[in-house]
$ cat structure.txt   # compact mmCIF, C-alpha atoms
# COMPACT_ATOMS: atom_id res chain seq x y z
CA MET A 795 73.70 109.21 120.34
CA LYS A 796 73.84 105.64 121.62
CA THR A 797 76.00 103.18 119.69
CA ALA A 798 75.76 99.51 120.59
CA ILE A 799 78.45 96.99 119.64
CA ILE A 800 77.03 93.48 119.72
CA LYS A 801 78.89 91.26 122.15
CA TYR A 802 79.25 87.60 121.16
CA ASN A 803 81.87 84.87 120.92
CA ALA A 804 83.93 86.57 118.21
CA GLY A 805 87.20 88.45 118.35
CA ASN A 806 88.19 91.96 117.39
CA ILE A 807 85.38 93.72 119.24
CA ARG A 808 87.76 95.86 121.28
CA SER A 809 89.35 97.27 118.11
CA VAL A 810 85.94 98.52 116.97
CA GLN A 811 85.38 100.17 120.32
CA PHE A 812 88.76 101.90 120.08
CA ALA A 813 88.05 103.06 116.51
CA LEU A 814 84.81 104.68 117.73
CA GLU A 815 86.74 106.26 120.59
CA ARG A 816 89.16 107.85 118.10
CA LEU A 817 86.09 109.45 116.47
CA GLY A 818 84.93 110.74 119.87
CA VAL A 819 82.08 108.22 120.14
CA ASN A 820 81.50 105.94 123.08
CA GLY A 821 80.39 102.48 121.94
CA THR A 822 78.70 100.15 124.42
CA VAL A 823 79.65 96.48 124.05
CA THR A 824 76.49 94.57 124.94
CA ASP A 825 74.39 91.46 124.34
CA ASN A 826 71.38 92.92 126.14
CA HIS A 827 68.33 92.87 123.83
CA GLU A 828 66.81 96.11 125.14
CA GLU A 829 70.09 97.95 124.97
CA ILE A 830 70.69 96.83 121.38
CA MET A 831 67.15 97.58 120.22
CA SER A 832 67.11 101.05 121.80
CA ALA A 833 70.51 102.13 120.40
CA ASP A 834 70.66 104.73 117.61
CA LYS A 835 73.30 102.74 115.75
CA VAL A 836 74.28 99.09 116.02
CA ILE A 837 77.63 97.62 115.01
CA PHE A 838 77.90 93.86 114.46
CA PRO A 839 81.66 93.14 114.26
CA GLY A 840 83.61 89.92 114.51
CA VAL A 841 86.44 87.65 113.54
CA GLY A 842 85.77 83.95 114.01
CA GLU A 843 84.00 80.88 112.72
CA ALA A 844 80.45 81.09 111.34
CA SER A 845 78.70 78.02 112.84
CA THR A 846 79.84 78.53 116.44
CA ALA A 847 79.02 82.24 116.17
CA MET A 848 75.51 81.51 114.82
CA GLN A 849 74.92 78.93 117.51
CA TYR A 850 75.90 81.44 120.19
CA LEU A 851 73.62 84.12 118.68
CA LYS A 852 70.69 81.68 118.39
CA GLU A 853 71.01 80.45 121.98
CA ARG A 854 70.60 84.08 123.10
CA LYS A 855 67.97 84.88 120.40
CA LEU A 856 70.30 87.62 119.20
CA ASP A 857 69.77 86.44 115.59
CA GLN A 858 66.10 87.48 115.83
CA VAL A 859 66.98 90.76 117.54
CA ILE A 860 69.47 91.63 114.78
CA ALA A 861 67.09 90.69 111.95
CA GLY A 862 64.39 92.93 113.43
CA LEU A 863 66.50 96.07 113.94
CA GLN A 864 65.11 99.23 112.32
CA GLN A 865 68.03 101.60 113.01
CA PRO A 866 71.23 101.64 110.92
CA VAL A 867 73.24 98.45 111.43
CA LEU A 868 76.86 97.96 110.31
CA GLY A 869 78.16 94.39 109.94
CA ILE A 870 81.93 93.96 109.79
CA CYS A 871 83.80 90.90 108.44
CA LEU A 872 82.19 87.84 110.08
CA GLY A 873 79.33 90.18 111.07
CA MET A 874 78.71 90.83 107.36
CA GLN A 875 78.84 87.13 106.51
CA LEU A 876 76.38 86.28 109.29
CA LEU A 877 73.94 88.84 107.85
CA CYS A 878 73.92 86.81 104.62
CA LYS A 879 71.66 83.85 103.88
CA HIS A 880 74.04 80.91 104.10
CA SER A 881 77.76 80.31 104.63
CA GLU A 882 79.79 77.41 103.27
CA GLU A 883 81.80 77.58 106.50
CA ASN A 884 80.51 74.43 108.19
CA ASP A 885 77.30 74.68 106.13
CA THR A 886 75.75 77.39 108.30
CA GLU A 887 72.29 78.94 107.93
CA CYS A 888 72.82 82.62 108.71
CA ILE A 889 70.55 85.55 109.59
CA GLY A 890 69.47 86.16 106.01
CA VAL A 891 69.12 89.94 105.78
CA PHE A 892 71.06 89.80 102.52
CA ASP A 893 70.01 87.18 99.97
CA THR A 894 73.63 86.31 99.37
CA ALA A 895 75.70 83.14 99.59
CA VAL A 896 79.03 83.09 101.44
CA LYS A 897 81.60 80.80 99.79
CA ARG A 898 85.17 79.73 100.40
CA PHE A 899 87.95 81.07 98.17
CA GLN A 900 88.97 78.36 95.71
CA SER A 901 92.54 78.08 94.51
CA PRO A 902 92.84 77.77 90.75
CA VAL A 903 94.61 74.46 90.10
CA GLU A 904 97.68 75.92 88.43
CA ASN A 905 98.12 78.66 90.97
CA LEU A 906 98.64 78.30 94.69
CA LEU A 907 96.30 80.74 96.38
CA LYS A 908 97.08 81.99 99.86
CA ILE A 909 94.08 81.59 102.13
CA PRO A 910 93.08 83.54 104.15
CA GLN A 911 93.53 86.69 102.15
CA ILE A 912 95.50 88.90 104.54
CA GLY A 913 96.32 92.49 103.73
CA TRP A 914 95.28 95.63 101.90
CA ASN A 915 93.14 95.41 98.78
CA ASN A 916 91.26 98.05 96.82
CA ILE A 917 87.50 98.55 96.66
CA THR A 918 85.72 99.63 93.48
CA GLY A 919 82.23 100.32 92.17
CA LEU A 920 81.40 102.25 95.33
CA HIS A 921 77.78 103.28 95.60
CA SER A 922 76.58 103.79 99.13
CA VAL A 923 76.43 106.73 101.54
CA MET A 924 78.98 104.71 103.55
CA PHE A 925 81.57 105.70 100.95
CA GLU A 926 80.99 109.43 100.85
CA HIS A 927 84.43 111.10 100.43
CA VAL A 928 86.03 107.66 100.07
CA PRO A 929 87.79 107.54 96.68
CA GLU A 930 87.26 104.76 94.17
CA ASN A 931 90.10 102.20 94.58
CA ALA A 932 90.69 103.13 98.22
CA TYR A 933 92.64 100.43 100.07
CA MET A 934 91.10 98.55 102.97
CA TYR A 935 92.48 95.87 105.30
CA PHE A 936 91.04 92.38 104.73
CA VAL A 937 91.47 89.12 106.67
CA HIS A 938 89.16 86.36 105.47
CA SER A 939 88.85 82.90 103.91
CA TYR A 940 85.17 83.18 102.88
CA TYR A 941 83.53 85.82 100.73
CA ALA A 942 80.04 87.07 99.90
CA ALA A 943 79.21 86.59 96.23
CA LEU A 944 78.18 89.51 94.03
CA GLY A 945 74.45 90.24 94.07
CA ALA A 946 71.70 92.85 94.06
CA ASP A 947 72.87 94.29 97.40
CA THR A 948 76.55 94.67 96.41
CA VAL A 949 77.72 98.27 96.87
CA ALA A 950 81.50 97.73 96.59
CA ILE A 951 83.62 95.12 94.81
CA THR A 952 87.05 93.65 95.54
CA ASN A 953 89.03 91.13 93.54
CA TYR A 954 90.94 88.21 95.01
CA VAL A 955 91.02 85.56 92.26
CA ILE A 956 87.39 86.52 91.58
CA ASN A 957 85.25 89.61 92.08
CA TYR A 958 83.23 89.50 95.28
CA SER A 959 81.20 91.82 97.54
CA ALA A 960 83.46 94.09 99.59
CA ALA A 961 80.30 95.74 100.91
CA LEU A 962 76.56 95.13 100.95
CA GLN A 963 73.64 97.41 101.67
CA LYS A 964 69.91 96.82 101.96
CA ASP A 965 67.44 99.12 103.70
CA ASN A 966 68.95 99.97 107.11
CA PHE A 967 71.58 97.22 106.92
CA TYR A 968 75.14 98.09 105.89
CA ALA A 969 78.00 95.61 105.82
CA VAL A 970 81.68 95.49 104.89
CA GLN A 971 83.97 92.50 104.47
CA PHE A 972 87.11 94.48 105.35
CA HIS A 973 88.02 96.00 108.71
CA PRO A 974 87.31 99.75 108.61
CA GLU A 975 88.51 99.94 112.23
CA LYS A 976 91.98 98.87 111.01
CA SER A 977 92.00 100.62 107.63
CA ALA A 978 93.68 103.91 108.55
CA GLU A 979 91.95 107.19 107.60
CA ALA A 980 89.85 105.76 104.77
CA GLY A 981 88.38 103.17 107.15
CA ALA A 982 87.71 105.77 109.83
CA ARG A 983 85.83 107.81 107.22
CA ILE A 984 83.49 104.87 106.53
CA ILE A 985 82.73 104.43 110.23
CA GLU A 986 82.15 108.17 110.53
CA ASN A 987 79.78 108.14 107.53
CA PHE A 988 77.85 105.30 109.15
CA LEU A 989 77.63 107.14 112.49
CA ASN A 990 76.38 110.23 110.64
CA LEU A 991 73.47 108.37 108.99
CA MET B 889 94.49 93.65 93.89
CA LEU B 890 96.11 92.57 97.12
CA THR B 891 99.17 94.73 97.84
CA LYS B 892 102.63 93.91 99.16
CA ARG B 893 103.02 95.06 102.76
CA ILE B 894 105.74 97.18 104.40
CA ILE B 895 106.08 96.43 108.11
CA PRO B 896 108.29 98.41 110.50
CA CYS B 897 109.31 96.40 113.57
CA LEU B 898 109.71 98.07 116.96
CA ASP B 899 111.70 96.39 119.74
CA ILE B 900 110.16 97.08 123.13
CA LYS B 901 111.88 96.90 126.50
CA ASP B 902 110.05 97.89 129.70
CA GLY B 903 107.39 99.61 127.60
CA ARG B 904 109.84 101.71 125.56
CA THR B 905 111.24 101.33 122.04
CA VAL B 906 114.86 100.37 122.14
CA LYS B 907 116.26 101.71 118.88
CA GLY B 908 115.60 104.87 116.96
CA ILE B 909 116.67 108.43 116.56
CA ASN B 910 114.55 111.47 117.21
CA PHE B 911 111.91 112.31 114.66
CA GLU B 912 111.04 115.95 114.16
CA ASN B 913 107.32 115.28 114.10
CA ILE B 914 107.09 113.36 117.35
CA ARG B 915 108.05 114.34 120.86
CA ASP B 916 109.42 111.05 122.06
CA ALA B 917 110.97 108.46 119.73
CA GLY B 918 111.17 106.07 122.69
CA ASP B 919 107.42 106.00 123.01
CA PRO B 920 106.10 103.01 121.02
CA ILE B 921 102.71 104.64 120.54
CA GLU B 922 104.09 107.86 119.08
CA LEU B 923 106.50 106.06 116.81
CA GLY B 924 103.88 103.48 115.74
CA ALA B 925 101.32 106.18 114.98
CA LEU B 926 103.91 108.09 112.95
CA TYR B 927 104.70 105.03 110.84
CA ALA B 928 100.98 104.41 110.35
CA GLU B 929 100.52 107.99 109.18
CA GLN B 930 103.46 107.62 106.77
CA GLY B 931 101.81 104.61 105.13
CA ALA B 932 103.16 101.56 106.97
CA ASP B 933 100.77 98.68 106.26
CA GLU B 934 101.16 96.93 109.60
CA LEU B 935 103.39 97.13 112.65
CA VAL B 936 105.20 94.48 114.66
CA PHE B 937 106.04 95.09 118.32
CA LEU B 938 108.63 92.69 119.67
CA ASP B 939 108.90 92.65 123.46
CA ILE B 940 112.40 91.88 124.70
CA THR B 941 111.71 92.64 128.37
CA ALA B 942 112.94 89.89 130.66
CA THR B 943 111.45 90.95 134.00
CA ASN B 944 108.62 89.34 135.95
CA GLU B 945 106.37 92.36 135.44
CA ARG B 946 106.64 92.12 131.68
CA ARG B 947 103.26 90.52 131.05
CA LYS B 948 101.30 93.24 132.80
CA THR B 949 103.41 96.02 131.29
CA LEU B 950 102.98 94.50 127.85
CA SER B 951 99.21 94.11 128.01
CA GLU B 952 98.84 97.71 129.17
CA LEU B 953 101.07 98.85 126.34
CA VAL B 954 99.09 96.81 123.81
CA THR B 955 95.88 98.50 124.94
CA ARG B 956 97.48 101.93 124.52
CA ILE B 957 98.71 100.98 121.03
CA ALA B 958 95.28 99.65 120.05
CA ARG B 959 93.65 102.88 121.19
CA HIS B 960 95.91 105.08 119.09
CA VAL B 961 97.08 103.13 116.05
CA ASN B 962 94.58 102.69 113.20
CA ILE B 963 96.35 99.88 111.30
CA PRO B 964 96.82 96.21 112.26
CA PHE B 965 99.65 95.21 114.56
CA THR B 966 101.33 92.02 115.75
CA VAL B 967 102.83 91.47 119.19
CA GLY B 968 105.62 88.98 119.79
CA GLY B 969 108.33 88.06 122.26
CA GLY B 970 108.21 85.40 124.94
CA ILE B 971 104.63 84.29 124.23
CA SER B 972 104.27 80.69 125.34
CA SER B 973 100.67 79.87 126.26
CA VAL B 974 97.04 80.14 125.23
CA GLU B 975 96.51 82.43 128.20
CA ASP B 976 99.33 84.81 127.09
CA VAL B 977 97.69 85.07 123.68
CA ASN B 978 94.23 85.53 125.12
CA VAL B 979 95.41 88.47 127.24
CA LEU B 980 97.16 90.16 124.31
CA LEU B 981 94.25 89.72 121.87
CA GLN B 982 91.79 90.92 124.52
CA SER B 983 94.04 93.93 125.04
CA GLY B 984 93.63 94.79 121.35
CA ALA B 985 96.46 93.09 119.44
CA ASP B 986 95.38 91.91 115.97
CA LYS B 987 97.90 89.07 115.77
CA ILE B 988 100.54 87.49 117.94
CA SER B 989 103.79 85.83 116.94
CA VAL B 990 105.34 82.75 118.49
CA ASN B 991 108.84 81.42 117.96
CA THR B 992 110.86 79.27 120.41
CA SER B 993 107.85 78.17 122.49
CA ALA B 994 106.07 76.85 119.39
CA PHE B 995 109.15 74.96 118.22
CA LYS B 996 109.55 73.30 121.62
CA ASP B 997 105.84 72.50 121.84
CA PRO B 998 104.38 72.40 118.29
CA VAL B 999 100.92 71.47 119.65
CA LEU B 1000 100.78 75.06 120.93
CA VAL B 1001 100.27 76.15 117.29
CA ASP B 1002 97.27 73.80 116.93
CA LYS B 1003 95.81 75.05 120.20
CA LEU B 1004 96.23 78.72 119.30
CA ALA B 1005 94.79 78.27 115.79
CA ARG B 1006 91.78 76.37 117.15
CA GLU B 1007 91.16 78.85 119.93
CA PHE B 1008 91.73 82.15 118.08
CA GLY B 1009 91.85 81.32 114.34
CA SER B 1010 94.84 80.95 112.03
CA GLN B 1011 94.56 84.54 110.86
CA CYS B 1012 96.01 85.87 114.11
CA ILE B 1013 98.80 83.31 114.58
CA VAL B 1014 102.15 84.34 113.08
CA LEU B 1015 104.98 81.81 113.29
CA ALA B 1016 108.36 83.55 113.57
CA ILE B 1017 111.44 81.58 112.46
CA ASP B 1018 115.04 82.68 112.90
CA THR B 1019 117.17 80.81 110.40
CA ARG B 1020 120.83 80.55 109.40
CA PHE B 1021 122.33 79.07 106.24
CA GLU B 1022 125.17 76.66 106.95
CA GLU B 1023 126.40 73.38 105.51
CA GLY B 1024 124.17 73.69 102.50
CA ASP B 1025 120.81 74.40 104.13
CA TRP B 1026 118.76 76.76 106.26
CA TYR B 1027 118.40 75.64 109.90
CA VAL B 1028 116.06 76.82 112.65
CA TYR B 1029 117.64 78.73 115.54
CA LEU B 1030 115.94 79.36 118.86
CA ASN B 1031 116.18 81.78 121.78
CA GLY B 1032 116.80 84.85 119.67
CA GLY B 1033 119.33 83.05 117.49
CA ARG B 1034 121.49 81.65 120.29
CA VAL B 1035 120.52 77.97 120.06
CA LYS B 1036 120.94 75.89 116.93
CA THR B 1037 118.56 73.08 116.05
CA PRO B 1038 119.03 70.25 113.50
CA VAL B 1039 115.67 71.11 111.89
CA LYS B 1040 115.47 72.77 108.50
CA ALA B 1041 113.54 76.04 108.30
CA PHE B 1042 111.36 74.84 105.41
CA ASP B 1043 110.35 71.65 107.24
CA TRP B 1044 109.40 73.51 110.41
CA ALA B 1045 107.50 76.18 108.46
CA LYS B 1046 105.53 73.53 106.60
CA GLU B 1047 104.68 71.65 109.78
CA ALA B 1048 103.58 74.85 111.51
CA VAL B 1049 101.33 75.79 108.58
CA ASP B 1050 99.79 72.31 108.68
CA ARG B 1051 99.15 72.86 112.38
CA GLY B 1052 97.42 76.17 111.72
CA ALA B 1053 99.94 79.01 111.58
CA GLY B 1054 98.41 81.76 109.42
CA GLU B 1055 101.59 83.59 108.42
CA ILE B 1056 105.33 82.98 108.52
CA LEU B 1057 107.74 85.71 109.66
CA LEU B 1058 111.11 84.54 108.36
CA THR B 1059 114.30 86.21 109.62
CA SER B 1060 117.61 85.30 108.01
CA MET B 1061 120.39 85.59 110.59
CA ASN B 1062 122.97 85.61 107.79
CA ASN B 1063 121.41 88.74 106.33
CA ASP B 1064 120.14 90.50 109.47
CA GLY B 1065 122.13 93.66 110.13
CA THR B 1066 124.21 93.38 106.95
CA LYS B 1067 122.13 95.80 104.86
CA GLN B 1068 123.05 93.62 101.87
CA GLY B 1069 119.50 92.57 101.04
CA PHE B 1070 117.01 89.91 102.11
CA ALA B 1071 117.65 86.16 101.85
CA LEU B 1072 115.88 85.62 98.54
CA ASP B 1073 116.28 81.86 98.12
CA ILE B 1074 114.73 80.65 101.38
CA THR B 1075 112.06 83.38 101.24
CA ALA B 1076 111.13 82.23 97.71
CA GLN B 1077 111.09 78.58 98.75
CA LEU B 1078 108.64 79.27 101.57
CA SER B 1079 106.51 81.71 99.63
CA GLN B 1080 106.13 79.41 96.63
CA HIS B 1081 105.42 76.21 98.53
CA LEU B 1082 103.29 77.35 101.47
CA ASN B 1083 99.77 78.65 101.06
CA VAL B 1084 100.09 81.31 103.77
CA PRO B 1085 101.69 84.76 103.48
CA VAL B 1086 105.43 85.01 104.09
CA ILE B 1087 106.94 88.10 105.74
CA ALA B 1088 110.63 88.46 104.88
CA SER B 1089 112.93 89.97 107.49
CA GLY B 1090 116.63 90.72 107.82
CA GLY B 1091 119.01 92.51 105.51
CA ALA B 1092 117.11 95.47 104.10
CA GLY B 1093 119.63 98.19 103.22
CA ASN B 1094 118.20 100.03 100.25
CA MET B 1095 114.97 100.33 98.31
CA THR B 1096 116.01 97.90 95.57
CA HIS B 1097 116.26 95.17 98.21
CA PHE B 1098 112.51 95.51 98.73
CA VAL B 1099 111.83 95.21 94.99
CA ASP B 1100 113.97 92.04 94.93
CA VAL B 1101 112.21 90.41 97.87
CA PHE B 1102 108.75 91.14 96.43
CA GLU B 1103 109.48 90.37 92.76
CA THR B 1104 112.20 87.71 92.83
CA ALA B 1105 111.35 85.98 96.12
CA GLN B 1106 107.58 86.67 95.94
CA ALA B 1107 107.39 87.66 99.60
CA ASP B 1108 103.97 88.93 100.66
CA ALA B 1109 105.40 91.44 103.11
CA ALA B 1110 108.79 92.82 104.12
CA LEU B 1111 109.79 93.76 107.62
CA ALA B 1112 112.61 96.08 108.66
CA ALA B 1113 113.66 97.96 111.76
CA SER B 1114 116.80 100.08 111.83
CA ILE B 1115 116.57 101.52 108.32
CA PHE B 1116 113.21 103.00 109.30
CA HIS B 1117 114.19 103.98 112.85
CA TYR B 1118 117.35 105.75 111.64
CA LYS B 1119 115.47 107.29 108.71
CA GLU B 1120 117.78 105.78 106.12
CA ILE B 1121 114.63 104.90 104.19
CA GLU B 1122 111.35 106.71 104.67
CA ILE B 1123 108.16 104.84 103.99
CA PRO B 1124 106.50 107.31 101.55
CA ALA B 1125 109.66 107.37 99.37
CA LEU B 1126 109.91 103.57 99.53
CA LYS B 1127 106.29 103.15 98.44
CA THR B 1128 106.76 105.54 95.53
CA PHE B 1129 109.91 103.67 94.48
CA LEU B 1130 108.14 100.32 94.62
CA TYR B 1131 105.17 101.66 92.68
CA ASP B 1132 107.48 103.00 89.96
CA LYS B 1133 109.10 99.56 89.73
CA GLY B 1134 105.72 97.94 89.18
CA VAL B 1135 105.21 96.52 92.68
CA ASN B 1136 101.61 96.77 93.83
CA VAL B 1137 101.56 98.85 97.03
CA ARG B 1138 99.01 100.84 98.99
CA PHE B 1139 99.10 104.64 99.07
$ encode --input "structure.txt" --output "structure tokens"
Amino acid sequence: MKTAIIKYNAGNIRSVQFALERLGVNGTVTDNHEEIMSADKVIFPGVGEASTAMQYLKERKLDQVIAGLQQPVLGICLGMQLLCKHSEENDTECIGVFDTAVKRFQSPVENLLKIPQIGWNNITGLHSVMFEHVPENAYMYFVHSYYAALGADTVAITNYVINYSAALQKDNFYAVQFHPEKSAEAGARIIENFLNL
Amino acid sequence: MLTKRIIPCLDIKDGRTVKGINFENIRDAGDPIELGALYAEQGADELVFLDITATNERRKTLSELVTRIARHVNIPFTVGGGISSVEDVNVLLQSGADKISVNTSAFKDPVLVDKLAREFGSQCIVLAIDTRFEEGDWYVYLNGGRVKTPVKAFDWAKEAVDRGAGEILLTSMNNDGTKQGFALDITAQLSQHLNVPVIASGGAGNMTHFVDVFETAQADAALAASIFHYKEIEIPALKTFLYDKGVNVRF
């Protein structure tokens, strides 16, 4: 099995590679179109800022490559947000696989909200093969200031001031807002489920 | 619901952990990877590795160690100690660290915080402050607590957050090593007035101290070293205790 990890100007890619390694899978970090298109599984990770990431992807036509992938694709964190339609982060048009808006957390006036959300939060309403053997209310590690709103493609929900999409799924595209590569055994299980698709 | 975090801190010298007794379930308590993986397995929410090596080879040794940790540990970890440039941070993040912490270097050159936040994002920049209460206020100390400054801890924390620090790791020198509990007042002041998470450090001696720092001082995370390394408190028992007291924790 060939697993491609999309290389672009976003952090945290090495952690994904190491998480695959712990599952005995060798992930290839690449921005080569052929290599990505011919892989059995594609992981689109990332920590960073949406507009500079989209610009980088567009300059290399990676946005079109990603949108056209037929094999299972897993977006993680910024990767998930970039698979959505639009992000409020510097008003960025994204790839648009998911018809979902990405918005910034808003602090309720009376209550000082810490942004980004950093830490472990639970996921509920799980309905995707990604979550096989993952219990309802499992804790995952999140680091983010923007969130994907709830919608038709939502397959897991988390609450931080409001309910938002912890995970999305549509056709061959899977995406999680949290970092499964940093979420202990429960996170490893999600990656394993994806690799077993 | 976002949970409160328990963070064991490991001091590293020449690639080895400095403190700690032998654990039955690991071969080598001096090996940061074995000890870190054990804490992760027991339910630690994050780890902090603080490098206290003072040799010229430290940077290379540290980046190799960080890669080994990242390969084996499946929870987030922060690396700190002697980090003073964008290049230092780049090497450590590329090696697999999730966050880095800066202390003295950031105080001496506050623009470093802006540069790091712009280059890597606030979420991976932890500002560590060592502080001591004297003459009616909490003051910033540098160089591992050896050098006093006239600047108040709250003022420096606020400035650093404005410059882009994503978290504050606050160590009270008055409390550190006393096992009499965390410094609740300054922790509460920072936690209530800054819109980034505050990690309280220094003084943990029993499980009630953790309840106090989470409930009374509203810390987002609590860090401790010796009580975990000497097995005076074990993480699963601590989490159960916190849960029973109504503190939201991850199991």
$ closest_residue --input "structure.txt" --among "A:Ile909, A:Ala844, A:Val867, A:Ile956" --to "chain B" --atoms "all atoms listed in the file"
A:Ile909
$ atom_distance --input "structure.txt" --atom1 "CA of Ala895 in chain A" --atom2 "CA of Val970 in chain A"
14.7 Å
$ closest_residue --input "structure.txt" --among "B:Glu1023, B:Phe965, B:Ala958, B:Asp916" --to "Glu815 in chain A" --atoms "only C-alpha atoms"
B:Ala958
$ closest_residue --input "structure.txt" --among "B:Phe1098, B:Leu1058, B:Ile988, B:Lys996" --to "Tyr1131 in chain B" --atoms "only C-alpha atoms"
B:Phe1098
$ interface_residues --input "structure.txt" --of "chain B" --to "chain A" --cutoff "10 Å" --atoms "only C-alpha atoms" --output "PyMOL selection string"
chain B and resi 889-893+928-929+931-934+955-956+958-965+981-986+1007-1012+1054-1055+1079-1086+1108-1109+1136-1139
$ atom_distance --input "structure.txt" --atom1 "CA of Arg1051 in chain B" --atom2 "CA of Ser993 in chain B"
14.4 Å
$ closest_residue --input "structure.txt" --among "B:Pro1038, B:Gly1090, B:Gly918, B:Gly1033" --to "Ala1113 in chain B" --atoms "only C-alpha atoms"
B:Gly1090
$ closest_residue --input "structure.txt" --among "A:Gln900, A:Asn803, A:Gln875, A:Asn884" --to "Ala942 in chain A" --atoms "all atoms listed in the file"
A:Gln875
$ residues_near_point --input "structure.txt" --point "(78.0, 93.5, 119.1)" --cutoff "10 Å" --atoms "all atoms listed in the file" --output "list in words"
Thr797, Ala798, Ile799, Ile800, Lys801, Tyr802, Asn803, Ala804, Ile807, Val810, Gly821, Thr822, Val823, Thr824, Asp825, Asn826, Ile830, Val836, Ile837, Phe838, Pro839, Gly840, Leu856, Ile860, Leu868, Gly869 and Gly873 of chain A
$ write_last_selection --input "structure.txt" --atoms "C-alpha atoms" --output "PDB file, in the frame of the given file"
ATOM      1  CA  THR A 797      76.000 103.180 119.690  1.00  0.00           C
ATOM      2  CA  ALA A 798      75.760  99.510 120.590  1.00  0.00           C
ATOM      3  CA  ILE A 799      78.450  96.990 119.640  1.00  0.00           C
ATOM      4  CA  ILE A 800      77.030  93.480 119.720  1.00  0.00           C
ATOM      5  CA  LYS A 801      78.890  91.260 122.150  1.00  0.00           C
ATOM      6  CA  TYR A 802      79.250  87.600 121.160  1.00  0.00           C
ATOM      7  CA  ASN A 803      81.870  84.870 120.920  1.00  0.00           C
ATOM      8  CA  ALA A 804      83.930  86.570 118.210  1.00  0.00           C
ATOM      9  CA  ILE A 807      85.380  93.720 119.240  1.00  0.00           C
ATOM     10  CA  VAL A 810      85.940  98.520 116.970  1.00  0.00           C
ATOM     11  CA  GLY A 821      80.390 102.480 121.940  1.00  0.00           C
ATOM     12  CA  THR A 822      78.700 100.150 124.420  1.00  0.00           C
ATOM     13  CA  VAL A 823      79.650  96.480 124.050  1.00  0.00           C
ATOM     14  CA  THR A 824      76.490  94.570 124.940  1.00  0.00           C
ATOM     15  CA  ASP A 825      74.390  91.460 124.340  1.00  0.00           C
ATOM     16  CA  ASN A 826      71.380  92.920 126.140  1.00  0.00           C
ATOM     17  CA  ILE A 830      70.690  96.830 121.380  1.00  0.00           C
ATOM     18  CA  VAL A 836      74.280  99.090 116.020  1.00  0.00           C
ATOM     19  CA  ILE A 837      77.630  97.620 115.010  1.00  0.00           C
ATOM     20  CA  PHE A 838      77.900  93.860 114.460  1.00  0.00           C
ATOM     21  CA  PRO A 839      81.660  93.140 114.260  1.00  0.00           C
ATOM     22  CA  GLY A 840      83.610  89.920 114.510  1.00  0.00           C
ATOM     23  CA  LEU A 856      70.300  87.620 119.200  1.00  0.00           C
ATOM     24  CA  ILE A 860      69.470  91.630 114.780  1.00  0.00           C
ATOM     25  CA  LEU A 868      76.860  97.960 110.310  1.00  0.00           C
ATOM     26  CA  GLY A 869      78.160  94.390 109.940  1.00  0.00           C
ATOM     27  CA  GLY A 873      79.330  90.180 111.070  1.00  0.00           C
TER      28      GLY A 873
END
$ residues_near_point --input "structure.txt" --point "(65.7, 98.1, 114.8)" --cutoff "10 Å" --atoms "only C-alpha atoms" --output "list in words"
Ile830, Met831, Ser832, Ala833, Asp834, Lys835, Val836, Val859, Ile860, Ala861, Gly862, Leu863, Gln864, Gln865, Pro866, Val867, Asn966 and Phe967 of chain A
$ atom_distance --input "structure.txt" --atom1 "CA of Glu882 in chain A" --atom2 "CA of Ile1056 in chain B"
26.7 Å
$ closest_residue --input "structure.txt" --among "A:Ala960, A:Leu817, A:Met848, A:Cys878" --to "Asn987 in chain A" --atoms "all atoms listed in the file"
A:Leu817
$ axis_aligned_box --input "structure.txt" --around "range 1003-1013 of chain B" --padding-each-side "5 Å" --output "JSON"
{"center_x": 95.0, "center_y": 80.5, "center_z": 115.5, "size_x": 17.6, "size_y": 20.8, "size_z": 19.3}
$ residues_around --input "structure.txt" --residues "Asp919 in chain B" --least-positions-apart "5" --cutoff "10 Å" --atoms "only C-alpha atoms" --output "list in words"
Ile900, Gly903, Arg904, Thr905, Val906, Ile914 and Gly924 of chain B
$ residues_around --input "structure.txt" --residues "Asn1062 in chain B" --least-positions-apart "6" --cutoff "9 Å" --atoms "only C-alpha atoms" --output "list in words"
Thr1019, Arg1020, Phe1021, Ala1071, Gly1090 and Gly1091 of chain B
$ residues_around --input "structure.txt" --residues "Gly1052 in chain B" --least-positions-apart "5" --cutoff "7 Å" --atoms "only C-alpha atoms" --output "PDB file with C-alpha atoms, keeping the file's coordinate frame"
ATOM      1  CA  VAL B1001     100.270  76.150 117.290  1.00  0.00           C
ATOM      2  CA  ASP B1002      97.270  73.800 116.930  1.00  0.00           C
ATOM      3  CA  ALA B1005      94.790  78.270 115.790  1.00  0.00           C
ATOM      4  CA  SER B1010      94.840  80.950 112.030  1.00  0.00           C
TER       5      SER B1010
END
$ residues_around --input "structure.txt" --residues "Trp1026 in chain B" --least-positions-apart "5" --cutoff "12 Å" --atoms "only C-alpha atoms" --output "PyMOL selection string"
chain B and resi 1017-1021+1036-1045+1058-1062+1071+1073-1075+1077-1078
